[in-house]
Amino acid sequence: MNRSSIGYLGDLLRGVTKDAAQQIPAFRLSVDGIDIAAKISQRLLSLELTDNRGLEADQLSLSLSDHDGLLAVPPRGAVIRLWLGWSDTGLVDKGSYTVDETEHSGAPDILSIRARSADLRQGLKRKRERSWSQRTLGHVLEDIAAAHGLQPSVTPALAALAITQLDQANESDANLLTRLGEDFDAVVTVKAGRLICMPTGAGQTAGGLDLPHITLKRSDGDQHRFLAADRDSYDGVRAYYYDVNRARKQQAIAGGGDNLKDLRHTYSDQPSALRAARSELNRLQRGSATLSYTLARGRPELIPELTYTLQGIKAPIDEIVWHGGNVRHSLNADTGYTVSLELESKLPLDTVDALLEYDGRRAYTGVLAFYRNAASGREQSVTVADQAYPKRLRRVYVNEHNARRAAEREWQRLQDDDAGN
C-alpha cells in the first residue's frame, strides 16, 4: 500500500516535531472498492468504529467537512471498507460496512455517514417457524448458517451439546441466535461471512486457538472507570421446565439460597433449564466487576473477547484478569486515535457444576481459587483448607500470589462468620 492511498489527519500534521510525525494516526477508506482516503483526509472531522460483541451490528460513523459543497453523498447500500492504524506501524483491516444512514447539516456544512457491518444481513431478522428435536447445538447452528450462506465456525465442545427440543415460533434467526448464546453462555456473532459460536470468556477462537492476552500499564491509559457492584443479592438462578411424565412445571436451580432470580422462559427439559440457569448465574458473576478503560494511543488490533491484565491502577483492578467486551475506536483531530474498552471480571474456565449448586445449609470446608499462569497462559488453582466442599472464588487472578491471598482472605471471613453465628 503506497503512501498516497493512506489518509492522515491533517490537523495533527501541523506543529509536530520530526520524531513525533513518525507516529501519526492513519486510515484508509474505500467506497464500493474505490479508494477515497486521500480525497477526504483534510475533510475528516471524526471517525468512530464500535466493534460489538455478539449479534449487535458493528457500526462505523464518519463526519466530514463539506465547507465547499463538493462532497458527494454516498447512496444507501454502498459498502465502506476501513483500515486503521499508525503511520509508523501500518494499518489493520477493520472490515466492511454498509451505509444505511446519511445526514447533511450546516452551517458549517457537515456530511455524517453511518454504516453497519455488512455481515449482519437483513435475512437474519425475518421471522420463521421451525423446530429441532434430539439434535446438537452444532446441527442447529449449521442449519441457520446454511440458510444465510454463512460458514459455521463452532467450538467443538459447544457443537456437541445436546438439544432435546428447540422451537422457533414466529421468531427471527437473530433473536434465536441471541437466545442460544444466553442459554449456552456463548458468544454468537457473524463476522467475515462466518457464523461464530464460542464460549464466553474463553479467550480463544472458535477453532480453539488462543487469542492474545493483553497487558496494559497505567501509562497506556487516558481514563478509567471501575465499578464493583453487589451482584450477590441473588444467591442463585432458577429456571422452569415442563416435565411431560408428571404433566407439571418443575424447577432447576443454579446456585442456591433464598434469593433466586427467575428466568421467564419455560424450557422443555431439566438439562436445558439447568444449563440456562448456570449461564445466567455466570453472567451475573462476570458483571460483579466492570471496568471502562480508554487508551490514549489507539491499538487497531484490539477486538472483543480478548483477555487483559492491568498494571499500576488500583489493587482490585490489578489483581484480577479481565474479559473484553465491546471496543470503540475513535479518530479525530482533537484527541488523535484512541480506543475505549468495556471489560468485565473473568470467570474461571474450570466450571465444576457441582460447585455452583450451594443449598445454603452445608458449611464450606475450604476455598478454591484460580489464577492465570503467565508462562503457559493456562488457568491453575490454589486451595486453602479441606476441599470436600470448597467455596469456589468467582474471579481469575493474575498470579498465584494474588489467588492464594484472596483464598486465605475468604477462608478467614468464612471462619469469622461461623464464629459470629
# chains A, B, ... in the order shown; residues from 1 in each chain; ligands from 1

$ residues_around --residues "stretch 185-188 of chain A" --least-positions-apart "4" --cutoff "8 Å" --atoms "only C-alpha atoms" --output "JSON, numbers by chain"
{"A": [53, 54, 55, 177, 178, 180, 181, 195, 196, 197, 198, 199, 200, 276, 279, 280, 282, 283]}

$ closest_residue --among "A:Leu150, A:Leu284, A:Ala239, A:Ala26" --to "A:Arg264" --atoms "only C-alpha atoms"
A:Ala239

$ residues_around --residues "stretch 368-373 of chain A" --least-positions-apart "3" --cutoff "7 Å" --atoms "only C-alpha atoms" --output "PyMOL selection string"
chain A and resi 348+376-384+390-393+396-400+403+407

$ write_last_selection --atoms "C-alpha atoms" --output "PDB file, in the first residue's frame"
ATOM      1  CA  PRO A 348     -12.609 -19.454  35.747  1.00  0.00           C
ATOM      2  CA  SER A 376       1.609 -21.076  29.777  1.00  0.00           C
ATOM      3  CA  GLY A 377      -1.412 -18.802  29.596  1.00  0.00           C
ATOM      4  CA  ARG A 378      -3.438 -21.566  31.281  1.00  0.00           C
ATOM      5  CA  GLU A 379      -5.512 -21.353  34.424  1.00  0.00           C
ATOM      6  CA  GLN A 380      -4.310 -23.124  37.550  1.00  0.00           C
ATOM      7  CA  SER A 381      -5.766 -23.400  41.028  1.00  0.00           C
ATOM      8  CA  VAL A 382      -4.736 -22.937  44.641  1.00  0.00           C
ATOM      9  CA  THR A 383      -6.572 -24.361  47.637  1.00  0.00           C
ATOM     10  CA  VAL A 384      -6.981 -23.426  51.261  1.00  0.00           C
ATOM     11  CA  PRO A 390     -14.952 -25.794  48.924  1.00  0.00           C
ATOM     12  CA  LYS A 391     -16.178 -22.330  48.094  1.00  0.00           C
ATOM     13  CA  ARG A 392     -15.049 -21.521  44.573  1.00  0.00           C
ATOM     14  CA  LEU A 393     -13.976 -17.916  44.064  1.00  0.00           C
ATOM     15  CA  VAL A 396      -9.380 -15.367  37.867  1.00  0.00           C
ATOM     16  CA  TYR A 397      -6.337 -13.768  39.492  1.00  0.00           C
ATOM     17  CA  VAL A 398      -3.264 -12.586  37.645  1.00  0.00           C
ATOM     18  CA  ASN A 399      -0.804 -14.777  39.580  1.00  0.00           C
ATOM     19  CA  GLU A 400      -0.574 -17.462  42.243  1.00  0.00           C
ATOM     20  CA  ALA A 403      -5.054 -16.086  44.165  1.00  0.00           C
ATOM     21  CA  ALA A 407      -8.426 -17.596  49.078  1.00  0.00           C
TER      22      ALA A 407
END

$ closest_residue --among "A:Ser96, A:Ile313, A:Asp109, A:Tyr267" --to "A:Gly193" --atoms "only C-alpha atoms"
A:Ser96

$ atom_distance --atom1 "atom CA of A:Leu227" --atom2 "atom CA of A:Glu342"
11.5 Å
